[in-house]
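Coordinates as given in final.cif (mmCIF, C-alpha atoms and all ligand atoms):
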data_model
loop_
_atom_site.group_PDB
_atom_site.id
_atom_site.type_symbol
_atom_site.label_atom_id
_atom_site.label_comp_id
_atom_site.auth_asym_id
_atom_site.auth_seq_id
_atom_site.Cartn_x
_atom_site.Cartn_y
_atom_site.Cartn_z
ATOM 1 C CA THR A 128 2.707 -13.413 -77.026
ATOM 2 C CA ALA A 129 2.474 -11.305 -73.900
ATOM 3 C CA LEU A 130 1.001 -13.225 -70.996
ATOM 4 C CA THR A 131 -2.596 -12.102 -70.511
ATOM 5 C CA ALA A 132 -4.322 -11.934 -67.162
ATOM 6 C CA CYS A 133 -6.258 -15.143 -66.926
ATOM 7 C CA GLY A 134 -8.009 -13.816 -63.821
ATOM 8 C CA SER A 135 -9.702 -16.469 -61.748
ATOM 9 C CA GLY A 136 -9.906 -18.764 -64.751
ATOM 10 C CA GLY A 137 -7.161 -21.385 -64.646
ATOM 11 C CA GLY A 138 -7.613 -22.033 -68.327
ATOM 12 C CA ASN A 139 -5.046 -21.352 -71.040
ATOM 13 C CA ALA A 140 -6.125 -18.478 -73.221
ATOM 14 C CA ALA A 141 -6.022 -19.244 -76.933
ATOM 15 C CA ASP A 142 -2.600 -18.824 -78.577
ATOM 16 C CA ASP A 143 -3.126 -15.177 -79.430
ATOM 17 C CA GLY A 144 -4.167 -14.340 -75.857
ATOM 18 C CA LYS A 145 -7.879 -14.337 -76.756
ATOM 19 C CA ILE A 146 -10.434 -15.527 -74.231
ATOM 20 C CA THR A 147 -11.848 -18.937 -75.096
ATOM 21 C CA MET A 148 -15.475 -19.657 -74.099
ATOM 22 C CA GLY A 149 -17.123 -23.059 -74.093
ATOM 23 C CA PHE A 150 -20.888 -22.663 -74.664
ATOM 24 C CA ALA A 151 -23.240 -25.650 -74.130
ATOM 25 C CA GLN A 152 -26.548 -24.741 -75.814
ATOM 26 C CA VAL A 153 -29.863 -26.537 -75.060
ATOM 27 C CA GLY A 154 -30.678 -27.434 -78.648
ATOM 28 C CA ALA A 155 -32.515 -25.913 -81.630
ATOM 29 C CA GLU A 156 -36.068 -26.626 -80.465
ATOM 30 C CA SER A 157 -37.669 -23.249 -81.135
ATOM 31 C CA GLY A 158 -37.414 -19.933 -82.922
ATOM 32 C CA TRP A 159 -36.313 -18.418 -79.638
ATOM 33 C CA ARG A 160 -33.414 -20.854 -79.335
ATOM 34 C CA THR A 161 -32.262 -20.191 -82.879
ATOM 35 C CA ALA A 162 -32.250 -16.432 -82.215
ATOM 36 C CA ASN A 163 -30.408 -16.998 -78.929
ATOM 37 C CA THR A 164 -27.723 -19.112 -80.639
ATOM 38 C CA LYS A 165 -27.256 -16.472 -83.335
ATOM 39 C CA SER A 166 -26.876 -13.759 -80.705
ATOM 40 C CA VAL A 167 -24.242 -15.724 -78.773
ATOM 41 C CA GLN A 168 -22.236 -16.624 -81.876
ATOM 42 C CA GLU A 169 -22.315 -13.124 -83.378
ATOM 43 C CA SER A 170 -21.507 -11.447 -80.068
ATOM 44 C CA ALA A 171 -18.518 -13.723 -79.444
ATOM 45 C CA LYS A 172 -17.141 -12.771 -82.851
ATOM 46 C CA SER A 173 -17.558 -9.030 -82.293
ATOM 47 C CA ALA A 174 -16.150 -9.321 -78.752
ATOM 48 C CA GLY A 175 -13.043 -11.136 -80.042
ATOM 49 C CA ILE A 176 -13.866 -14.162 -77.907
ATOM 50 C CA GLU A 177 -13.075 -17.600 -79.348
ATOM 51 C CA LEU A 178 -16.276 -19.665 -79.041
ATOM 52 C CA LYS A 179 -16.538 -23.431 -78.739
ATOM 53 C CA PHE A 180 -20.239 -24.258 -79.268
ATOM 54 C CA SER A 181 -22.315 -27.431 -78.777
ATOM 55 C CA ASP A 182 -26.017 -28.248 -79.358
ATOM 56 C CA ALA A 183 -27.338 -30.834 -76.853
ATOM 57 C CA GLN A 184 -30.563 -31.668 -78.722
ATOM 58 C CA GLN A 185 -32.380 -30.877 -75.437
ATOM 59 C CA LYS A 186 -30.603 -33.746 -73.621
ATOM 60 C CA GLN A 187 -28.982 -33.033 -70.249
ATOM 61 C CA GLU A 188 -26.389 -35.791 -70.686
ATOM 62 C CA ASN A 189 -25.156 -34.107 -73.861
ATOM 63 C CA GLN A 190 -24.783 -30.766 -72.079
ATOM 64 C CA ILE A 191 -22.836 -32.447 -69.271
ATOM 65 C CA LYS A 192 -20.582 -34.141 -71.860
ATOM 66 C CA ALA A 193 -19.968 -30.785 -73.539
ATOM 67 C CA ILE A 194 -19.088 -29.086 -70.235
ATOM 68 C CA ARG A 195 -16.664 -31.929 -69.431
ATOM 69 C CA SER A 196 -15.007 -31.509 -72.830
ATOM 70 C CA TYR A 197 -14.600 -27.759 -72.231
ATOM 71 C CA ILE A 198 -12.938 -28.547 -68.878
ATOM 72 C CA GLN A 199 -10.557 -30.945 -70.671
ATOM 73 C CA GLN A 200 -9.788 -28.271 -73.251
ATOM 74 C CA LYS A 201 -9.049 -25.830 -70.414
ATOM 75 C CA VAL A 202 -11.284 -23.042 -71.750
ATOM 76 C CA ASP A 203 -11.184 -19.740 -69.868
ATOM 77 C CA VAL A 204 -14.919 -19.626 -69.146
ATOM 78 C CA ILE A 205 -17.931 -21.912 -69.556
ATOM 79 C CA ALA A 206 -21.443 -20.614 -70.274
ATOM 80 C CA PHE A 207 -24.608 -22.688 -70.702
ATOM 81 C CA SER A 208 -28.385 -22.684 -70.557
ATOM 82 C CA PRO A 209 -29.302 -25.683 -68.327
ATOM 83 C CA VAL A 210 -32.029 -27.640 -70.109
ATOM 84 C CA VAL A 211 -33.519 -28.600 -66.708
ATOM 85 C CA GLU A 212 -33.026 -27.156 -63.197
ATOM 86 C CA THR A 213 -31.489 -30.167 -61.433
ATOM 87 C CA GLY A 214 -28.538 -32.565 -61.818
ATOM 88 C CA TRP A 215 -25.683 -30.084 -62.366
ATOM 89 C CA ASP A 216 -23.750 -30.037 -59.073
ATOM 90 C CA THR A 217 -21.264 -32.797 -59.962
ATOM 91 C CA VAL A 218 -20.102 -31.404 -63.295
ATOM 92 C CA LEU A 219 -20.084 -27.809 -61.999
ATOM 93 C CA LEU A 220 -17.918 -28.941 -59.078
ATOM 94 C CA GLU A 221 -15.483 -30.393 -61.634
ATOM 95 C CA ALA A 222 -15.362 -26.978 -63.379
ATOM 96 C CA LYS A 223 -14.804 -25.270 -60.031
ATOM 97 C CA ARG A 224 -11.925 -27.644 -59.198
ATOM 98 C CA ALA A 225 -10.455 -26.891 -62.626
ATOM 99 C CA LYS A 226 -10.740 -23.184 -61.716
ATOM 100 C CA ILE A 227 -12.913 -22.478 -64.760
ATOM 101 C CA PRO A 228 -15.662 -19.915 -64.006
ATOM 102 C CA VAL A 229 -19.215 -20.759 -65.125
ATOM 103 C CA ILE A 230 -21.927 -18.347 -66.281
ATOM 104 C CA LEU A 231 -25.591 -19.452 -66.403
ATOM 105 C CA THR A 232 -27.541 -17.877 -69.255
ATOM 106 C CA ASP A 233 -31.251 -18.046 -70.115
ATOM 107 C CA ARG A 234 -32.316 -20.897 -67.783
ATOM 108 C CA ALA A 235 -31.392 -21.262 -64.105
ATOM 109 C CA ILE A 236 -30.519 -24.239 -61.892
ATOM 110 C CA ASP A 237 -31.968 -24.914 -58.446
ATOM 111 C CA SER A 238 -28.711 -25.919 -56.716
ATOM 112 C CA ASP A 239 -28.195 -24.655 -53.160
ATOM 113 C CA ASP A 240 -24.507 -24.144 -53.885
ATOM 114 C CA THR A 241 -24.392 -20.715 -55.536
ATOM 115 C CA SER A 242 -20.589 -20.911 -55.598
ATOM 116 C CA LEU A 243 -20.929 -23.235 -58.613
ATOM 117 C CA TYR A 244 -21.495 -20.324 -60.995
ATOM 118 C CA GLU A 245 -20.502 -16.656 -61.118
ATOM 119 C CA THR A 246 -23.785 -15.128 -62.325
ATOM 120 C CA PHE A 247 -27.148 -15.804 -63.987
ATOM 121 C CA LEU A 248 -28.149 -13.773 -67.071
ATOM 122 C CA GLY A 249 -31.734 -14.165 -68.229
ATOM 123 C CA SER A 250 -35.414 -13.407 -67.868
ATOM 124 C CA ASP A 251 -37.687 -13.527 -64.837
ATOM 125 C CA PHE A 252 -39.956 -16.375 -65.955
ATOM 126 C CA ILE A 253 -42.344 -16.035 -63.003
ATOM 127 C CA ASP A 254 -42.930 -12.429 -64.055
ATOM 128 C CA GLU A 255 -43.602 -13.618 -67.608
ATOM 129 C CA GLY A 256 -46.252 -16.052 -66.315
ATOM 130 C CA LYS A 257 -47.839 -13.269 -64.248
ATOM 131 C CA LYS A 258 -47.997 -10.925 -67.267
ATOM 132 C CA ALA A 259 -49.733 -13.631 -69.315
ATOM 133 C CA ALA A 260 -52.349 -14.231 -66.612
ATOM 134 C CA GLN A 261 -52.827 -10.498 -65.948
ATOM 135 C CA TRP A 262 -53.893 -9.996 -69.563
ATOM 136 C CA LEU A 263 -56.379 -12.886 -69.240
ATOM 137 C CA VAL A 264 -57.794 -11.506 -65.955
ATOM 138 C CA GLU A 265 -58.342 -8.148 -67.703
ATOM 139 C CA ASN A 266 -59.738 -9.664 -70.897
ATOM 140 C CA SER A 267 -62.065 -12.434 -69.752
ATOM 141 C CA SER A 268 -65.467 -12.551 -68.082
ATOM 142 C CA GLY A 269 -67.396 -15.430 -66.594
ATOM 143 C CA PRO A 270 -66.242 -19.085 -66.471
ATOM 144 C CA THR A 271 -63.068 -19.398 -68.549
ATOM 145 C CA ASN A 272 -61.513 -22.813 -69.224
ATOM 146 C CA VAL A 273 -57.773 -22.712 -69.936
ATOM 147 C CA VAL A 274 -55.640 -25.506 -71.388
ATOM 148 C CA GLU A 275 -51.916 -25.120 -70.732
ATOM 149 C CA LEU A 276 -49.096 -26.241 -73.034
ATOM 150 C CA GLN A 277 -46.130 -26.520 -70.684
ATOM 151 C CA GLY A 278 -42.505 -26.178 -71.730
ATOM 152 C CA THR A 279 -39.914 -28.921 -71.201
ATOM 153 C CA THR A 280 -40.605 -30.854 -67.983
ATOM 154 C CA GLY A 281 -38.223 -29.685 -65.258
ATOM 155 C CA ALA A 282 -37.012 -26.619 -67.156
ATOM 156 C CA ALA A 283 -36.923 -23.320 -65.227
ATOM 157 C CA PRO A 284 -39.106 -21.442 -67.775
ATOM 158 C CA ALA A 285 -41.734 -24.216 -67.667
ATOM 159 C CA ILE A 286 -41.832 -24.400 -63.862
ATOM 160 C CA ASP A 287 -41.826 -20.629 -63.360
ATOM 161 C CA ARG A 288 -44.192 -19.617 -66.173
ATOM 162 C CA LYS A 289 -46.725 -22.052 -64.691
ATOM 163 C CA GLU A 290 -46.170 -20.704 -61.152
ATOM 164 C CA GLY A 291 -46.503 -17.051 -62.178
ATOM 165 C CA PHE A 292 -49.673 -17.709 -64.190
ATOM 166 C CA GLU A 293 -51.317 -19.647 -61.347
ATOM 167 C CA ASP A 294 -50.346 -16.962 -58.788
ATOM 168 C CA VAL A 295 -52.375 -14.373 -60.703
ATOM 169 C CA ILE A 296 -55.423 -16.392 -61.772
ATOM 170 C CA ARG A 297 -55.898 -17.406 -58.128
ATOM 171 C CA SER A 298 -57.573 -13.983 -57.743
ATOM 172 C CA LYS A 299 -60.225 -14.933 -60.313
ATOM 173 C CA PRO A 300 -61.784 -18.372 -59.554
ATOM 174 C CA ASP A 301 -63.799 -18.196 -62.804
ATOM 175 C CA ILE A 302 -60.548 -18.827 -64.682
ATOM 176 C CA ARG A 303 -59.620 -22.515 -64.405
ATOM 177 C CA ILE A 304 -56.792 -24.550 -65.899
ATOM 178 C CA VAL A 305 -58.756 -27.637 -67.000
ATOM 179 C CA ALA A 306 -55.806 -29.462 -68.616
ATOM 180 C CA SER A 307 -52.025 -29.037 -68.586
ATOM 181 C CA GLN A 308 -49.317 -31.056 -70.379
ATOM 182 C CA THR A 309 -45.817 -30.581 -71.755
ATOM 183 C CA GLY A 310 -45.315 -29.926 -75.463
ATOM 184 C CA ASP A 311 -41.536 -29.718 -74.885
ATOM 185 C CA PHE A 312 -41.332 -26.178 -76.333
ATOM 186 C CA THR A 313 -41.705 -27.504 -79.888
ATOM 187 C CA ARG A 314 -44.303 -26.776 -82.585
ATOM 188 C CA SER A 315 -44.997 -30.490 -83.142
ATOM 189 C CA GLY A 316 -45.332 -31.046 -79.393
ATOM 190 C CA GLY A 317 -47.816 -28.203 -79.087
ATOM 191 C CA LYS A 318 -49.869 -29.520 -82.007
ATOM 192 C CA GLN A 319 -50.012 -33.094 -80.685
ATOM 193 C CA VAL A 320 -51.018 -32.051 -77.157
ATOM 194 C CA MET A 321 -53.617 -29.589 -78.462
ATOM 195 C CA GLU A 322 -55.145 -32.312 -80.665
ATOM 196 C CA ALA A 323 -55.528 -34.452 -77.540
ATOM 197 C CA PHE A 324 -57.003 -31.548 -75.539
ATOM 198 C CA LEU A 325 -59.534 -30.827 -78.301
ATOM 199 C CA LYS A 326 -60.710 -34.447 -78.038
ATOM 200 C CA SER A 327 -60.732 -34.662 -74.235
ATOM 201 C CA GLN A 328 -61.949 -31.180 -73.256
ATOM 202 C CA PRO A 329 -65.561 -30.330 -74.180
ATOM 203 C CA ASP A 330 -65.166 -26.588 -73.676
ATOM 204 C CA ILE A 331 -61.847 -24.794 -74.216
ATOM 205 C CA ASP A 332 -61.849 -20.978 -74.093
ATOM 206 C CA VAL A 333 -58.106 -20.215 -73.897
ATOM 207 C CA VAL A 334 -54.733 -21.797 -74.657
ATOM 208 C CA TYR A 335 -51.797 -20.683 -72.480
ATOM 209 C CA ALA A 336 -48.642 -21.873 -74.276
ATOM 210 C CA HIS A 337 -45.258 -21.452 -72.574
ATOM 211 C CA ASN A 338 -43.730 -20.460 -75.925
ATOM 212 C CA ASP A 339 -44.765 -19.248 -79.395
ATOM 213 C CA ASP A 340 -43.747 -22.473 -81.111
ATOM 214 C CA MET A 341 -46.203 -24.598 -79.097
ATOM 215 C CA GLY A 342 -48.849 -21.909 -79.639
ATOM 216 C CA LEU A 343 -48.288 -22.103 -83.415
ATOM 217 C CA GLY A 344 -48.654 -25.890 -83.231
ATOM 218 C CA ALA A 345 -51.914 -25.438 -81.309
ATOM 219 C CA ILE A 346 -53.177 -23.097 -84.052
ATOM 220 C CA GLU A 347 -52.722 -25.903 -86.608
ATOM 221 C CA ALA A 348 -54.703 -28.309 -84.397
ATOM 222 C CA ILE A 349 -57.464 -25.761 -83.729
ATOM 223 C CA LYS A 350 -57.871 -25.049 -87.443
ATOM 224 C CA ALA A 351 -57.930 -28.789 -88.242
ATOM 225 C CA ALA A 352 -60.785 -29.090 -85.737
ATOM 226 C CA GLY A 353 -62.728 -26.451 -87.692
ATOM 227 C CA LYS A 354 -62.381 -23.684 -85.093
ATOM 228 C CA LYS A 355 -60.947 -20.162 -85.441
ATOM 229 C CA PRO A 356 -57.766 -19.597 -83.381
ATOM 230 C CA GLY A 357 -57.803 -16.190 -81.676
ATOM 231 C CA VAL A 358 -61.594 -16.041 -81.930
ATOM 232 C CA ASP A 359 -63.285 -19.340 -80.876
ATOM 233 C CA ILE A 360 -60.263 -20.195 -78.733
ATOM 234 C CA LYS A 361 -58.029 -17.377 -77.499
ATOM 235 C CA ILE A 362 -54.260 -17.961 -77.397
ATOM 236 C CA ILE A 363 -51.634 -16.473 -75.081
ATOM 237 C CA THR A 364 -47.963 -17.303 -75.645
ATOM 238 C CA VAL A 365 -44.468 -16.297 -74.474
ATOM 239 C CA ASP A 366 -41.359 -15.364 -76.536
ATOM 240 C CA ALA A 367 -42.450 -12.898 -79.323
ATOM 241 C CA VAL A 368 -40.375 -14.414 -82.127
ATOM 242 C CA LYS A 369 -41.247 -13.370 -85.686
ATOM 243 C CA ASP A 370 -43.611 -16.270 -86.441
ATOM 244 C CA GLY A 371 -45.472 -15.663 -83.182
ATOM 245 C CA MET A 372 -45.697 -11.918 -83.772
ATOM 246 C CA THR A 373 -46.971 -12.549 -87.316
ATOM 247 C CA ALA A 374 -49.762 -14.791 -85.955
ATOM 248 C CA LEU A 375 -50.522 -12.150 -83.302
ATOM 249 C CA ALA A 376 -50.724 -9.361 -85.894
ATOM 250 C CA GLY A 377 -52.910 -11.657 -87.992
ATOM 251 C CA GLY A 378 -55.381 -12.234 -85.143
ATOM 252 C CA GLU A 379 -54.640 -15.950 -84.564
ATOM 253 C CA ILE A 380 -52.878 -15.245 -81.236
ATOM 254 C CA ASN A 381 -54.302 -12.717 -78.766
ATOM 255 C CA PHE A 382 -51.378 -11.723 -76.513
ATOM 256 C CA ILE A 383 -47.642 -12.438 -76.353
ATOM 257 C CA VAL A 384 -45.281 -11.918 -73.424
ATOM 258 C CA GLU A 385 -41.786 -11.171 -74.749
ATOM 259 C CA CYS A 386 -38.804 -13.249 -73.648
ATOM 260 C CA ASN A 387 -35.606 -11.667 -74.927
ATOM 261 C CA PRO A 388 -33.210 -14.161 -76.604
ATOM 262 C CA LEU A 389 -30.583 -11.545 -77.514
ATOM 263 C CA LEU A 390 -28.355 -12.287 -74.519
ATOM 264 C CA GLY A 391 -25.088 -12.428 -76.480
ATOM 265 C CA PRO A 392 -23.699 -8.924 -75.880
ATOM 266 C CA GLN A 393 -24.330 -9.000 -72.107
ATOM 267 C CA LEU A 394 -22.935 -12.546 -71.913
ATOM 268 C CA MET A 395 -19.654 -11.531 -73.542
ATOM 269 C CA ASP A 396 -19.293 -8.479 -71.283
ATOM 270 C CA LEU A 397 -19.865 -10.675 -68.221
ATOM 271 C CA ALA A 398 -17.394 -13.285 -69.518
ATOM 272 C CA LYS A 399 -14.605 -10.696 -69.887
ATOM 273 C CA LYS A 400 -15.239 -9.409 -66.365
ATOM 274 C CA VAL A 401 -15.361 -12.929 -64.899
ATOM 275 C CA VAL A 402 -12.137 -14.015 -66.615
ATOM 276 C CA ASP A 403 -10.431 -10.840 -65.367
ATOM 277 C CA GLY A 404 -11.597 -11.680 -61.864
ATOM 278 C CA GLU A 405 -13.837 -8.608 -61.654
ATOM 279 C CA GLU A 406 -16.943 -8.572 -59.443
ATOM 280 C CA VAL A 407 -20.188 -9.284 -61.349
ATOM 281 C CA PRO A 408 -23.805 -9.106 -60.127
ATOM 282 C CA GLU A 409 -25.259 -12.426 -58.934
ATOM 283 C CA ARG A 410 -28.115 -12.007 -61.366
ATOM 284 C CA VAL A 411 -28.635 -9.890 -64.511
ATOM 285 C CA VAL A 412 -32.288 -9.762 -65.615
ATOM 286 C CA THR A 413 -33.014 -8.901 -69.249
ATOM 287 C CA GLU A 414 -35.349 -6.155 -70.484
ATOM 288 C CA GLU A 415 -38.586 -7.360 -72.121
ATOM 289 C CA THR A 416 -42.193 -6.270 -72.696
ATOM 290 C CA THR A 417 -45.584 -7.581 -73.897
ATOM 291 C CA PHE A 418 -47.523 -7.266 -77.157
ATOM 292 C CA THR A 419 -51.217 -6.970 -78.071
ATOM 293 C CA GLN A 420 -52.390 -7.532 -81.648
ATOM 294 C CA ASP A 421 -52.160 -3.822 -82.494
ATOM 295 C CA GLN A 422 -48.716 -3.474 -80.892
ATOM 296 C CA ALA A 423 -47.505 -6.470 -82.924
ATOM 297 C CA LYS A 424 -48.571 -4.821 -86.185
ATOM 298 C CA THR A 425 -46.496 -1.748 -85.265
ATOM 299 C CA ALA A 426 -43.483 -3.683 -83.939
ATOM 300 C CA LEU A 427 -43.195 -6.406 -86.628
ATOM 301 C CA PRO A 428 -41.233 -4.427 -89.256
ATOM 302 C CA ASP A 429 -38.412 -3.718 -86.774
ATOM 303 C CA ARG A 430 -38.197 -7.148 -85.132
ATOM 304 C CA LYS A 431 -34.660 -8.582 -85.370
ATOM 305 C CA TYR A 432 -35.727 -12.247 -84.913
HETATM 306 C C1 LIG A 501 -36.734 -19.090 -72.271
HETATM 307 C C2 LIG A 501 -36.150 -20.241 -73.065
HETATM 308 C C3 LIG A 501 -37.251 -21.050 -73.649
HETATM 309 C C4 LIG A 501 -38.072 -20.283 -74.675
HETATM 310 C C5 LIG A 501 -38.426 -21.390 -75.599
HETATM 311 O O1 LIG A 501 -35.728 -18.274 -71.819
HETATM 312 O O2 LIG A 501 -35.361 -21.072 -72.227
HETATM 313 O O3 LIG A 501 -36.673 -22.159 -74.316
HETATM 314 O O4 LIG A 501 -39.188 -19.639 -74.136
HETATM 315 C C6 LIG A 501 -37.102 -22.120 -75.686
HETATM 316 O O5 LIG A 501 -38.866 -20.977 -76.866
HETATM 317 O O6 LIG A 501 -37.249 -23.380 -76.210
#
Please express the file's structure as structure tokens.
Amino acid sequence: TALTACGSGGGNAADDGKITMGFAQVGAESGWRTANTKSVQESAKSAGIELKFSDAQQKQENQIKAIRSYIQQKVDVIAFSPVVETGWDTVLLEAKRAKIPVILTDRAIDSDDTSLYETFLGSDFIDEGKKAAQWLVENSSGPTNVVELQGTTGAAPAIDRKEGFEDVIRSKPDIRIVASQTGDFTRSGGKQVMEAFLKSQPDIDVVYAHNDDMGLGAIEAIKAAGKKPGVDIKIITVDAVKDGMTALAGGEINFIVECNPLLGPQLMDLAKKVVDGEEVPERVVTEETTFTQDQAKTALPDRKY
């Protein structure tokens, strides 16, 4: 076959000259993640990119193992969503030495060495946290006790959604976070933590869940405690996956900040550019919006995930 430009990547393109991408996914912890995986896999197919895919079950050591295996297999480009922000420099240095470009997608890392990856494609999680708090500032009056269901400890979306939310509620001292704990972005985690909050907190007005899945788990706990979710206790979540939007349209959630999982098409475009040695932006932020209960009713029929 004709030699193809391998660009900066030192990898060997697949036999038929196709680009080979190694993708190390976080896991399958939430509806968002499932939609994100589907988008990556379908986009690779339509872009003619050969995809090697791994699911790390939310464990950093599994993602590191997967990246090392992609380096051994001499893929042309590596893409991954770092489950947590720290602990990546060593393995990314190995990829750099192997001349395999790396693209960060969805979650970011906090390394000082920005030469370890070509670009970051994903949402602005601080902005998402601010949008969630802005709705609460506009839709609450008097003392308001908030319990927070945090995402995975150390993960960029968990750190930043907390920071953005706190930045905005600082302007309204009546709104207080009275309890905050990780539910690890899962439905079961959200339910367990909410059960504990319902026992330990005498007066909960609002749940701020860093993703829909933990919010849906909290709904189960609130109902089991004989209270009406969305009415007795208001719920704000992030993601806007179908199950979350259905609960929002049904009045059990009050507001959802969208986090777009459909990163596949942009990821494949970036991968082709990176492998061909073309310049790419340091950061590509995805488009996303917010939904009230009425907006969810209108949007639900057309939601892709
Ligand atoms: C956000 C993504 C988060 C989602 C969760 O971009 O990393 O991880 O908000 C998912 O649903 O588990």
- Dump the neighbourhood of ligand LIG 501 (chain A) as a list in words: all residues within 6 Å, distances computed on all atoms listed in the file.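 The distance check yields Glu156, Ser157, Trp159, Arg160, Asp233, Arg234, Pro284, Phe312, Asn338 and Asp366 of chain A.
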- Item | Chain and number of each residue from the PyMOL selection byres (((chain A and resi 177) around 8) and not hetatm), as a PyMOL selection string | chain A and resi 141+145-148+171-172+175-176+178-179
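Around Pro356 of chain A, within 8 Å and counting all atoms listed in the file, the residues found are A:Ile346, A:Ile349, A:Lys350, A:Lys354, A:Val358, A:Asp359, A:Ile360, A:Lys361, A:Ile362, A:Gly378, A:Glu379, A:Ile380, once anything fewer than 2 positions away on its own chain is removed.
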- If we count only C-alpha atoms, what is near Thr416 of chain A at a cut-off of 8 Å, once residues fewer than 5 positions away on the same chain are taken out, given as a PyMOL selection string? chain A and resi 384-386
- Item | Selected residue of minimal separation from Val334 of chain A among A:Ile363, A:Arg288, A:Ile236, A:Arg314, counting only C-alpha atoms |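 For Val334 of chain A, the nearest of the candidates is A:Ile363.
Atom CA of Ser238 of chain A to atom CA of Gly149 of chain A spans 21.1 Å [interatomic distance, one decimal].
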- Between A:Pro209, A:Gly144, A:Gly154, A:Gly291, which one has atoms that come closest to Val229 of chain A, using only C-alpha atoms? A:Pro209
- Query: What separation in Å, quoted to one decimal, exists between atom CA of Leu263 of chain A and atom CA of Lys431 of chain A?
  - Reply: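 It comes out at 27.4 Å.
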- Pick from A:Gly344, A:Ala155, A:Ile230, A:Ile198: nearest to Lys399 of chain A, with all atoms listed in the file counted? A:Ile230
Calculate, to one decimal in Å, the centre and edge lengths of the box along x, y and z of the file that holds all listed atoms of segment 399-407 of chain A with 5 Å of margin on each side, and present them as AutoDock Vina command-line options.
--center_x -15.3 --center_y -11.3 --center_z -64.7 --size_x 19.8 --size_y 15.4 --size_z 20.4
- Query: Using all atoms listed in the file, which residue out of A:Lys326, A:Ser242, A:Leu248, A:His337 lies closest to Asp287 of chain A?
  - Reply: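 The closest residue to Asp287 of chain A is A:His337.
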- Item | Top pick for closest residue to Ala259 of chain A, considering A:Ile383, A:Ile331, A:Val320, A:Ala367 and counting all atoms listed in the file |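 The closest residue to Ala259 of chain A is A:Ile383.
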- Message: Can you measure atom CA of Leu219 of chain A to atom CA of Asp311 of chain A for me? One decimal in Å is fine.
- Response: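 Going from atom CA of Leu219 of chain A over to atom CA of Asp311 of chain A, I get 25.1 Å.
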- Task: Report the residues retrieved by the PyMOL selection byres (((chain A and resi 322) around 9) and not hetatm) from the displayed file, expressed as JSON, numbers by chain.
- Result: {"A": [317, 318, 319, 320, 321, 323, 324, 325, 326, 327, 345, 348, 349, 351, 352]}
- Item | Residues matched by the PyMOL selection byres (((chain A and resi 276) around 7) and not hetatm) as a PyMOL selection string | chain A and resi 274-275+277-278+307-310+317+335-337+341
- Message: I need every residue sitting at most 7 Å from the point (-23.2, -27.6, -80.5) (coordinates as in the file, all atoms listed in the file considered), written as an MDAnalysis selection string.
- Response: chainID A and resid 151:152 180:183
